[in-house]
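The data block below is model.txt; it holds compact mmCIF, N, CA and C atoms.
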```
# COMPACT_ATOMS: atom_id res chain seq x y z
N MET A 1 24.35 17.83 -30.39
CA MET A 1 23.21 18.38 -29.68
C MET A 1 21.91 17.79 -30.21
N LEU A 2 21.75 17.72 -31.51
CA LEU A 2 20.53 17.19 -32.12
C LEU A 2 20.33 15.70 -31.79
N PRO A 3 21.40 14.84 -31.82
CA PRO A 3 21.17 13.44 -31.47
C PRO A 3 20.68 13.26 -30.02
N ARG A 4 21.14 14.08 -29.09
CA ARG A 4 20.67 13.99 -27.70
C ARG A 4 19.19 14.36 -27.62
N PHE A 5 18.79 15.38 -28.36
CA PHE A 5 17.39 15.80 -28.37
C PHE A 5 16.50 14.68 -28.91
N ILE A 6 16.93 14.08 -30.01
CA ILE A 6 16.16 12.99 -30.61
C ILE A 6 16.11 11.79 -29.67
N LEU A 7 17.23 11.49 -29.03
CA LEU A 7 17.27 10.39 -28.06
C LEU A 7 16.32 10.66 -26.89
N GLY A 8 16.25 11.90 -26.44
CA GLY A 8 15.33 12.28 -25.36
C GLY A 8 13.88 12.10 -25.77
N ILE A 9 13.55 12.50 -26.99
CA ILE A 9 12.19 12.33 -27.50
C ILE A 9 11.83 10.85 -27.60
N VAL A 10 12.74 10.04 -28.11
CA VAL A 10 12.50 8.59 -28.23
C VAL A 10 12.29 7.98 -26.84
N ALA A 11 13.10 8.38 -25.85
CA ALA A 11 12.95 7.86 -24.48
C ALA A 11 11.61 8.26 -23.89
N LEU A 12 11.16 9.48 -24.13
CA LEU A 12 9.87 9.94 -23.64
C LEU A 12 8.72 9.15 -24.26
N ILE A 13 8.79 8.93 -25.55
CA ILE A 13 7.75 8.13 -26.23
C ILE A 13 7.75 6.70 -25.70
N PHE A 14 8.92 6.13 -25.48
CA PHE A 14 9.02 4.77 -24.96
C PHE A 14 8.42 4.68 -23.55
N ALA A 15 8.65 5.70 -22.71
CA ALA A 15 8.09 5.71 -21.35
C ALA A 15 6.57 5.76 -21.39
N PHE A 16 6.00 6.57 -22.29
CA PHE A 16 4.55 6.61 -22.42
C PHE A 16 4.00 5.29 -22.94
N TYR A 17 4.74 4.65 -23.81
CA TYR A 17 4.31 3.36 -24.36
C TYR A 17 4.23 2.29 -23.27
N LEU A 18 5.19 2.30 -22.36
CA LEU A 18 5.21 1.31 -21.27
C LEU A 18 4.13 1.56 -20.22
N GLU A 19 3.60 2.78 -20.18
CA GLU A 19 2.59 3.16 -19.20
C GLU A 19 3.07 2.88 -17.79
N VAL A 20 4.26 3.33 -17.46
CA VAL A 20 4.81 3.12 -16.13
C VAL A 20 4.03 4.01 -15.16
N SER A 21 3.39 3.37 -14.20
CA SER A 21 2.60 4.14 -13.24
C SER A 21 2.38 3.32 -11.99
N ALA A 22 1.92 3.99 -10.95
CA ALA A 22 1.54 3.35 -9.71
C ALA A 22 0.43 4.18 -9.08
N VAL A 23 -0.46 3.52 -8.40
CA VAL A 23 -1.55 4.20 -7.72
C VAL A 23 -1.35 3.98 -6.23
N SER A 24 -1.47 5.03 -5.46
CA SER A 24 -1.29 4.95 -4.02
C SER A 24 -2.58 5.34 -3.31
N ILE A 25 -2.98 4.51 -2.35
CA ILE A 25 -4.17 4.77 -1.56
C ILE A 25 -3.75 4.77 -0.10
N VAL A 26 -4.26 5.73 0.68
CA VAL A 26 -3.91 5.81 2.10
C VAL A 26 -5.19 5.78 2.92
N TYR A 27 -5.24 4.86 3.87
CA TYR A 27 -6.31 4.85 4.88
C TYR A 27 -5.71 5.49 6.12
N GLY A 28 -6.37 6.51 6.66
CA GLY A 28 -5.85 7.21 7.83
C GLY A 28 -4.94 8.34 7.42
N HIS A 29 -3.97 8.67 8.29
CA HIS A 29 -3.04 9.76 8.02
C HIS A 29 -1.64 9.32 8.40
N ILE A 30 -0.69 9.53 7.52
CA ILE A 30 0.70 9.14 7.77
C ILE A 30 1.51 10.41 8.03
N ASN A 31 2.02 10.54 9.24
CA ASN A 31 2.86 11.68 9.62
C ASN A 31 4.30 11.41 9.21
N PRO A 32 5.11 12.46 9.04
CA PRO A 32 6.52 12.26 8.68
C PRO A 32 7.31 11.48 9.73
N THR A 33 6.85 11.51 10.99
CA THR A 33 7.56 10.80 12.06
C THR A 33 7.10 9.36 12.24
N ASP A 34 6.06 8.94 11.52
CA ASP A 34 5.56 7.57 11.65
C ASP A 34 6.55 6.59 11.02
N VAL A 35 6.55 5.38 11.56
CA VAL A 35 7.44 4.33 11.06
C VAL A 35 6.62 3.16 10.53
N VAL A 36 7.22 2.39 9.64
CA VAL A 36 6.56 1.19 9.11
C VAL A 36 6.61 0.12 10.19
N ILE A 37 5.44 -0.36 10.61
CA ILE A 37 5.38 -1.40 11.64
C ILE A 37 5.05 -2.76 11.03
N GLY A 38 4.76 -2.78 9.74
CA GLY A 38 4.51 -4.03 9.05
C GLY A 38 4.27 -3.78 7.58
N ASN A 39 4.54 -4.79 6.76
CA ASN A 39 4.27 -4.66 5.33
C ASN A 39 4.05 -6.03 4.72
N GLU A 40 3.43 -6.03 3.56
CA GLU A 40 3.22 -7.28 2.83
C GLU A 40 3.14 -6.97 1.34
N TYR A 41 3.80 -7.81 0.56
CA TYR A 41 3.80 -7.68 -0.89
C TYR A 41 2.86 -8.75 -1.45
N VAL A 42 1.87 -8.33 -2.23
CA VAL A 42 0.88 -9.25 -2.80
C VAL A 42 1.03 -9.23 -4.31
N HIS A 43 1.27 -10.39 -4.89
CA HIS A 43 1.37 -10.48 -6.35
C HIS A 43 0.83 -11.81 -6.81
N SER A 44 0.29 -11.81 -8.01
CA SER A 44 -0.26 -13.02 -8.59
C SER A 44 -0.29 -12.86 -10.11
N LYS A 45 -0.08 -13.95 -10.79
CA LYS A 45 -0.19 -13.94 -12.25
C LYS A 45 -1.66 -13.89 -12.63
N ALA A 46 -1.91 -13.56 -13.87
CA ALA A 46 -3.29 -13.53 -14.37
C ALA A 46 -3.88 -14.93 -14.35
N GLY A 47 -5.17 -14.99 -14.03
CA GLY A 47 -5.86 -16.27 -14.02
C GLY A 47 -6.02 -16.82 -15.42
N ARG A 48 -6.15 -18.13 -15.52
CA ARG A 48 -6.26 -18.76 -16.84
C ARG A 48 -7.67 -18.69 -17.39
N GLY A 49 -8.65 -18.74 -16.52
CA GLY A 49 -10.03 -18.69 -16.99
C GLY A 49 -10.47 -17.27 -17.30
N VAL A 50 -11.50 -17.14 -18.09
CA VAL A 50 -11.99 -15.82 -18.49
C VAL A 50 -12.56 -15.07 -17.29
N GLN A 51 -13.18 -15.77 -16.37
CA GLN A 51 -13.84 -15.14 -15.23
C GLN A 51 -13.05 -15.30 -13.92
N SER A 52 -11.79 -15.71 -13.98
CA SER A 52 -11.05 -15.97 -12.75
C SER A 52 -10.51 -14.68 -12.14
N THR A 53 -10.62 -14.58 -10.82
CA THR A 53 -10.07 -13.44 -10.08
C THR A 53 -9.23 -13.97 -8.93
N TYR A 54 -8.23 -13.20 -8.54
CA TYR A 54 -7.38 -13.53 -7.41
C TYR A 54 -7.89 -12.74 -6.21
N LYS A 55 -8.10 -13.42 -5.09
CA LYS A 55 -8.61 -12.76 -3.89
C LYS A 55 -7.78 -13.19 -2.69
N LYS A 56 -7.43 -12.22 -1.84
CA LYS A 56 -6.63 -12.53 -0.65
C LYS A 56 -7.01 -11.56 0.46
N PHE A 57 -7.03 -12.06 1.70
CA PHE A 57 -7.23 -11.22 2.87
C PHE A 57 -5.88 -11.03 3.54
N VAL A 58 -5.43 -9.79 3.61
CA VAL A 58 -4.16 -9.46 4.26
C VAL A 58 -4.47 -9.03 5.68
N LYS A 59 -3.90 -9.75 6.65
CA LYS A 59 -4.14 -9.45 8.06
C LYS A 59 -2.87 -8.91 8.71
N PHE A 60 -3.06 -7.88 9.53
CA PHE A 60 -1.96 -7.33 10.32
C PHE A 60 -2.41 -7.24 11.76
N PRO A 61 -1.65 -7.73 12.70
CA PRO A 61 -0.40 -8.46 12.54
C PRO A 61 -0.67 -9.86 12.01
N LYS A 62 0.36 -10.45 11.45
CA LYS A 62 0.23 -11.80 10.91
C LYS A 62 -0.07 -12.78 12.05
N GLU A 63 -0.63 -13.91 11.69
CA GLU A 63 -1.00 -14.91 12.68
C GLU A 63 0.22 -15.34 13.49
N GLY A 64 0.08 -15.35 14.80
CA GLY A 64 1.18 -15.72 15.68
C GLY A 64 2.01 -14.54 16.13
N GLN A 65 1.77 -13.35 15.56
CA GLN A 65 2.50 -12.15 15.96
C GLN A 65 1.59 -11.23 16.77
N GLN A 66 2.20 -10.26 17.43
CA GLN A 66 1.45 -9.33 18.27
C GLN A 66 1.86 -7.90 17.94
N ASN A 67 0.92 -6.96 18.04
CA ASN A 67 1.20 -5.55 17.80
C ASN A 67 0.55 -4.74 18.91
N ASN A 68 1.33 -3.89 19.57
CA ASN A 68 0.80 -3.02 20.62
C ASN A 68 0.75 -1.55 20.20
N VAL A 69 1.24 -1.24 19.01
CA VAL A 69 1.28 0.14 18.51
C VAL A 69 0.03 0.40 17.66
N PRO A 70 -0.74 1.45 17.98
CA PRO A 70 -1.91 1.77 17.14
C PRO A 70 -1.48 2.13 15.72
N ILE A 71 -2.26 1.70 14.75
CA ILE A 71 -1.99 2.01 13.35
C ILE A 71 -2.40 3.45 13.08
N SER A 72 -1.50 4.24 12.53
CA SER A 72 -1.84 5.62 12.18
C SER A 72 -2.29 5.72 10.72
N GLY A 73 -1.76 4.87 9.87
CA GLY A 73 -2.13 4.89 8.47
C GLY A 73 -1.74 3.62 7.75
N ILE A 74 -2.45 3.32 6.69
CA ILE A 74 -2.16 2.16 5.85
C ILE A 74 -2.00 2.69 4.43
N GLN A 75 -0.85 2.42 3.83
CA GLN A 75 -0.60 2.86 2.45
C GLN A 75 -0.56 1.65 1.54
N ILE A 76 -1.32 1.70 0.46
CA ILE A 76 -1.36 0.62 -0.51
C ILE A 76 -0.86 1.15 -1.84
N GLU A 77 0.25 0.60 -2.32
CA GLU A 77 0.82 0.97 -3.61
C GLU A 77 0.45 -0.12 -4.61
N ASP A 78 -0.26 0.26 -5.66
CA ASP A 78 -0.63 -0.68 -6.72
C ASP A 78 0.25 -0.39 -7.92
N PHE A 79 1.11 -1.33 -8.27
CA PHE A 79 2.06 -1.15 -9.36
C PHE A 79 1.55 -1.69 -10.69
N GLY A 80 0.26 -1.98 -10.78
CA GLY A 80 -0.31 -2.48 -12.02
C GLY A 80 -0.48 -1.38 -13.04
N HIS A 81 -0.61 -1.77 -14.30
CA HIS A 81 -0.87 -0.80 -15.37
C HIS A 81 -2.31 -0.31 -15.24
N PRO A 82 -2.65 0.80 -15.85
CA PRO A 82 -4.01 1.36 -15.71
C PRO A 82 -5.12 0.39 -16.08
N ASN A 83 -4.86 -0.56 -16.95
CA ASN A 83 -5.93 -1.49 -17.34
C ASN A 83 -6.01 -2.72 -16.44
N ASN A 84 -5.14 -2.84 -15.42
CA ASN A 84 -5.24 -4.01 -14.54
C ASN A 84 -4.98 -3.64 -13.07
N LEU A 85 -5.51 -2.51 -12.64
CA LEU A 85 -5.38 -2.13 -11.23
C LEU A 85 -6.26 -3.02 -10.36
N GLY A 86 -5.76 -3.38 -9.19
CA GLY A 86 -6.51 -4.23 -8.28
C GLY A 86 -7.46 -3.43 -7.41
N LEU A 87 -8.33 -4.14 -6.71
CA LEU A 87 -9.28 -3.53 -5.81
C LEU A 87 -8.86 -3.85 -4.38
N ASN A 88 -9.10 -2.93 -3.44
CA ASN A 88 -8.80 -3.20 -2.04
C ASN A 88 -9.87 -2.59 -1.16
N TYR A 89 -10.19 -3.29 -0.09
CA TYR A 89 -11.21 -2.85 0.85
C TYR A 89 -10.69 -3.07 2.27
N LEU A 90 -10.82 -2.06 3.13
CA LEU A 90 -10.48 -2.20 4.53
C LEU A 90 -11.69 -2.83 5.21
N ARG A 91 -11.55 -4.08 5.65
CA ARG A 91 -12.67 -4.84 6.20
C ARG A 91 -12.79 -4.73 7.72
N GLU A 92 -11.67 -4.75 8.43
CA GLU A 92 -11.70 -4.69 9.90
C GLU A 92 -10.54 -3.85 10.40
N GLY A 93 -10.72 -3.24 11.56
CA GLY A 93 -9.64 -2.50 12.20
C GLY A 93 -9.24 -1.28 11.39
N GLY A 94 -7.93 -1.00 11.40
CA GLY A 94 -7.41 0.12 10.65
C GLY A 94 -6.85 1.20 11.54
N PRO A 95 -6.82 2.44 11.07
CA PRO A 95 -6.24 3.54 11.85
C PRO A 95 -6.90 3.68 13.22
N GLY A 96 -6.06 3.82 14.24
CA GLY A 96 -6.55 3.92 15.61
C GLY A 96 -6.63 2.58 16.31
N LYS A 97 -6.60 1.50 15.58
CA LYS A 97 -6.64 0.15 16.14
C LYS A 97 -5.26 -0.48 16.05
N THR A 98 -5.08 -1.62 16.68
CA THR A 98 -3.79 -2.32 16.62
C THR A 98 -3.82 -3.47 15.62
N PHE A 99 -4.90 -3.58 14.85
CA PHE A 99 -5.02 -4.66 13.86
C PHE A 99 -5.75 -4.13 12.63
N ALA A 100 -5.64 -4.86 11.54
CA ALA A 100 -6.34 -4.49 10.30
C ALA A 100 -6.48 -5.72 9.41
N THR A 101 -7.56 -5.76 8.66
CA THR A 101 -7.78 -6.78 7.64
C THR A 101 -8.16 -6.08 6.35
N ILE A 102 -7.41 -6.34 5.30
CA ILE A 102 -7.65 -5.72 4.00
C ILE A 102 -7.92 -6.81 2.98
N GLU A 103 -9.00 -6.65 2.22
CA GLU A 103 -9.33 -7.60 1.16
C GLU A 103 -8.75 -7.07 -0.15
N ILE A 104 -7.95 -7.90 -0.80
CA ILE A 104 -7.32 -7.57 -2.08
C ILE A 104 -7.97 -8.44 -3.16
N MET A 105 -8.33 -7.83 -4.28
CA MET A 105 -8.95 -8.59 -5.35
C MET A 105 -8.49 -8.05 -6.70
N SER A 106 -8.17 -8.96 -7.61
CA SER A 106 -7.75 -8.54 -8.95
C SER A 106 -8.97 -8.40 -9.85
N GLN A 107 -8.77 -7.73 -10.97
CA GLN A 107 -9.81 -7.71 -11.99
C GLN A 107 -9.85 -9.08 -12.66
N LYS A 108 -10.91 -9.37 -13.38
CA LYS A 108 -11.07 -10.67 -14.02
C LYS A 108 -9.93 -10.92 -15.01
N SER A 109 -9.26 -12.04 -14.85
CA SER A 109 -8.19 -12.50 -15.73
C SER A 109 -7.03 -11.52 -15.82
N LYS A 110 -6.76 -10.75 -14.76
CA LYS A 110 -5.67 -9.78 -14.74
C LYS A 110 -4.71 -10.10 -13.59
N PRO A 111 -3.44 -9.76 -13.74
CA PRO A 111 -2.47 -9.97 -12.65
C PRO A 111 -2.65 -8.90 -11.56
N ILE A 112 -2.00 -9.12 -10.43
CA ILE A 112 -2.06 -8.15 -9.35
C ILE A 112 -0.65 -7.96 -8.79
N ASN A 113 -0.33 -6.73 -8.38
CA ASN A 113 1.01 -6.40 -7.93
C ASN A 113 0.90 -5.22 -6.95
N MET A 114 0.80 -5.52 -5.65
CA MET A 114 0.58 -4.48 -4.63
C MET A 114 1.55 -4.61 -3.47
N LEU A 115 1.86 -3.46 -2.87
CA LEU A 115 2.64 -3.39 -1.65
C LEU A 115 1.80 -2.68 -0.61
N ILE A 116 1.60 -3.33 0.54
CA ILE A 116 0.79 -2.77 1.62
C ILE A 116 1.71 -2.47 2.80
N MET A 117 1.69 -1.22 3.28
CA MET A 117 2.54 -0.81 4.39
C MET A 117 1.67 -0.26 5.51
N PHE A 118 1.93 -0.75 6.72
CA PHE A 118 1.20 -0.32 7.91
C PHE A 118 2.12 0.61 8.71
N TYR A 119 1.63 1.80 9.03
CA TYR A 119 2.42 2.80 9.76
C TYR A 119 1.88 2.97 11.17
N GLY A 120 2.80 3.26 12.11
CA GLY A 120 2.44 3.56 13.48
C GLY A 120 3.31 4.68 14.01
N GLU A 121 2.90 5.25 15.13
CA GLU A 121 3.67 6.34 15.72
C GLU A 121 4.99 5.81 16.27
N THR A 122 6.01 6.64 16.18
CA THR A 122 7.32 6.26 16.71
C THR A 122 7.25 6.09 18.21
N PHE A 123 6.68 7.07 18.89
CA PHE A 123 6.50 7.01 20.33
C PHE A 123 5.01 7.18 20.63
N PRO A 124 4.37 6.17 21.21
CA PRO A 124 2.94 6.31 21.53
C PRO A 124 2.71 7.49 22.46
N LYS A 125 1.55 8.14 22.35
CA LYS A 125 1.22 9.29 23.18
C LYS A 125 1.13 8.87 24.64
N LEU A 126 1.56 9.75 25.53
CA LEU A 126 1.48 9.49 26.95
C LEU A 126 0.07 9.76 27.44
N ASN A 127 -0.46 8.89 28.29
CA ASN A 127 -1.78 9.09 28.85
C ASN A 127 -1.73 9.93 30.12
N ASN A 128 -0.57 10.11 30.68
CA ASN A 128 -0.42 10.85 31.91
C ASN A 128 -0.44 12.35 31.61
N THR A 129 -1.45 13.08 32.14
CA THR A 129 -1.59 14.50 31.83
C THR A 129 -0.48 15.33 32.45
N LYS A 130 0.17 14.83 33.49
CA LYS A 130 1.26 15.57 34.13
C LYS A 130 2.38 15.82 33.12
N PHE A 131 2.70 14.85 32.27
CA PHE A 131 3.76 15.02 31.28
C PHE A 131 3.29 15.85 30.09
N ASN A 132 2.03 15.79 29.76
CA ASN A 132 1.52 16.55 28.62
C ASN A 132 1.52 18.05 28.87
N ARG A 133 1.43 18.50 30.14
CA ARG A 133 1.41 19.92 30.45
C ARG A 133 2.78 20.57 30.24
N ILE A 134 3.84 19.81 30.27
CA ILE A 134 5.18 20.35 30.10
C ILE A 134 5.34 20.89 28.67
N PHE A 135 4.77 20.23 27.71
CA PHE A 135 4.93 20.61 26.32
C PHE A 135 3.86 21.55 25.96
```

What would you get if you wrote out this structure as C-alpha cells?
Amino acid sequence: MLPRFILGIVALIFAFYLEVSAVSIVYGHINPTDVVIGNEYVHSKAGRGVQSTYKKFVKFPKEGQQNNVPISGIQIEDFGHPNNLGLNYLREGGPGKTFATIEIMSQKSKPINMLIMFYGETFPKLNNTKFNRIF
C-alpha cells in the first residue's frame, strides 16, 4: 500500500514538473450538434535568432476549396507550455461567415504548436417560414 502511495506522489510531482497544459480559445459559439468543417495543425520549431518570430495566416477554406456552411465557431488549442504560448488574431470573417483568416504568431525565439478547428451547423437553418412554424 505504501509503495503505491509513494509512486502516486512521484507521478504527481513529475506531472507538475512537465507543466503539461493546453490553452483553448473559442471565437463564436460551438453547439453540441456542430461538426468540424475544417482544421489545420500549425507547428514550428523555435527560431535561431534572438528576435525571430514565426508568423502564419491560416485561411479557411484553403485556396482552391469552397465552403457553403456558415462557421458557428472556431476553436484554437494551444499545446505550448505556459512560457511559450502563441498569439492568435481573427483578422477576417469568422462566425456567421463562410470564411475566416486567423493570424498565428509565436513569441520571440519560441516554438509554436496549435490546432485550429472550424465548426459549422450540421443542418443549415431553413429560410422558409412555412417549415419553421411546424416546430

Within 6.5 Å of (3.6, -5.8, 5.4) in the file's own coordinates, which protein, DNA or RNA residues have an atom, counting all atoms listed in the file? List them as a PyMOL selection string.
chain A and resi 38-41+116-118

Can you tell me which residues surround range 89-100 of chain A at a distance of at most 6 Å, considering all atoms listed in the file, apart from same-chain residues fewer than 5 positions away, and format the answer as a ChimeraX atom specification?
/A:27-28,58-61,67-73

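Taking atom C of Tyr119 in chain A and CA of Val26 in chain A as endpoints, the distance between them is 11.1 Å.
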
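Atom pair atom C of Gln51 in chain A / atom N of Val23 in chain A: separated by 23.3 Å.
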
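When only C-alpha atoms are used to compute distances to Phe57 in chain A, the closest of the residues A:Ile102, A:Ile112, A:Ile25, A:Ile74 turns out to be A:Ile102.
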
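Of the residues listed (A:Ile37, A:Val42, A:Met105, A:Met114), A:Met105 shows the shortest atom-to-atom separation from Tyr54 in chain A; distances use all atoms listed in the file.
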
Using only C-alpha atoms, the best pick from A:Gln75, A:Asn83, A:Ile104, A:Lys110 as closest to Val36 in chain A would be A:Gln75

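In this structure, atom N of Leu87 in chain A sits 7.9 Å away from atom C of Gln107 in chain A.
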
Of the listed residues A:Gln66, A:Thr53, A:Asn88, A:Ser44, that which approaches Asn113 in chain A most closely, counting all atoms listed in the file:
A:Ser44

Around (-5.3, -13.7, -16.5), as given in the file, which residues come within 5 Å? Count only N, CA and C atoms and list them as a compact mmCIF listing (two decimals) with N, CA and C atoms, in the coordinates of the input.
```txt
# COMPACT_ATOMS: atom_id res chain seq x y z
N ALA A 46 -1.91 -13.56 -13.87
CA ALA A 46 -3.29 -13.53 -14.37
C ALA A 46 -3.88 -14.93 -14.35
N GLY A 47 -5.17 -14.99 -14.03
CA GLY A 47 -5.86 -16.27 -14.02
C GLY A 47 -6.02 -16.82 -15.42
N ARG A 48 -6.15 -18.13 -15.52
CA ARG A 48 -6.26 -18.76 -16.84
C ARG A 48 -7.67 -18.69 -17.39
N SER A 109 -9.26 -12.04 -14.85
CA SER A 109 -8.19 -12.50 -15.73
C SER A 109 -7.03 -11.52 -15.82
N LYS A 110 -6.76 -10.75 -14.76
CA LYS A 110 -5.67 -9.78 -14.74
C LYS A 110 -4.71 -10.10 -13.59
```

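In this comparison, which uses only C-alpha atoms, the residue of A:Leu115, A:Asn31, A:His43, A:Ser106 approaching Glu77 in chain A most closely is A:Leu115.
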
Because the input lacks atoms here, generate N, CA, C and O atoms for range 79-90 of chain A and report them as a compact mmCIF listing (two decimals), in the frame of the given file.
```txt
# COMPACT_ATOMS: atom_id res chain seq x y z
N PHE A 79 1.11 -1.33 -8.27
CA PHE A 79 2.06 -1.15 -9.36
C PHE A 79 1.55 -1.69 -10.69
O PHE A 79 2.31 -1.83 -11.63
N GLY A 80 0.26 -1.98 -10.78
CA GLY A 80 -0.31 -2.48 -12.02
C GLY A 80 -0.48 -1.38 -13.04
O GLY A 80 -0.47 -0.19 -12.74
N HIS A 81 -0.61 -1.77 -14.30
CA HIS A 81 -0.87 -0.80 -15.37
C HIS A 81 -2.31 -0.31 -15.24
O HIS A 81 -3.13 -0.94 -14.59
N PRO A 82 -2.65 0.80 -15.85
CA PRO A 82 -4.01 1.36 -15.71
C PRO A 82 -5.12 0.39 -16.08
O PRO A 82 -6.22 0.49 -15.55
N ASN A 83 -4.86 -0.56 -16.95
CA ASN A 83 -5.93 -1.49 -17.34
C ASN A 83 -6.01 -2.72 -16.44
O ASN A 83 -6.85 -3.58 -16.67
N ASN A 84 -5.14 -2.84 -15.42
CA ASN A 84 -5.24 -4.01 -14.54
C ASN A 84 -4.98 -3.64 -13.07
O ASN A 84 -4.33 -4.37 -12.35
N LEU A 85 -5.51 -2.51 -12.64
CA LEU A 85 -5.38 -2.13 -11.23
C LEU A 85 -6.26 -3.02 -10.36
O LEU A 85 -7.37 -3.38 -10.74
N GLY A 86 -5.76 -3.38 -9.19
CA GLY A 86 -6.51 -4.23 -8.28
C GLY A 86 -7.46 -3.43 -7.41
O GLY A 86 -7.42 -2.20 -7.36
N LEU A 87 -8.33 -4.14 -6.71
CA LEU A 87 -9.28 -3.53 -5.81
C LEU A 87 -8.86 -3.85 -4.38
O LEU A 87 -8.32 -4.92 -4.10
N ASN A 88 -9.10 -2.93 -3.44
CA ASN A 88 -8.80 -3.20 -2.04
C ASN A 88 -9.87 -2.59 -1.16
O ASN A 88 -10.41 -1.53 -1.47
N TYR A 89 -10.19 -3.29 -0.09
CA TYR A 89 -11.21 -2.85 0.85
C TYR A 89 -10.69 -3.07 2.27
O TYR A 89 -10.20 -4.15 2.59
N LEU A 90 -10.82 -2.06 3.13
CA LEU A 90 -10.48 -2.20 4.53
C LEU A 90 -11.69 -2.83 5.21
O LEU A 90 -12.74 -2.21 5.33
```
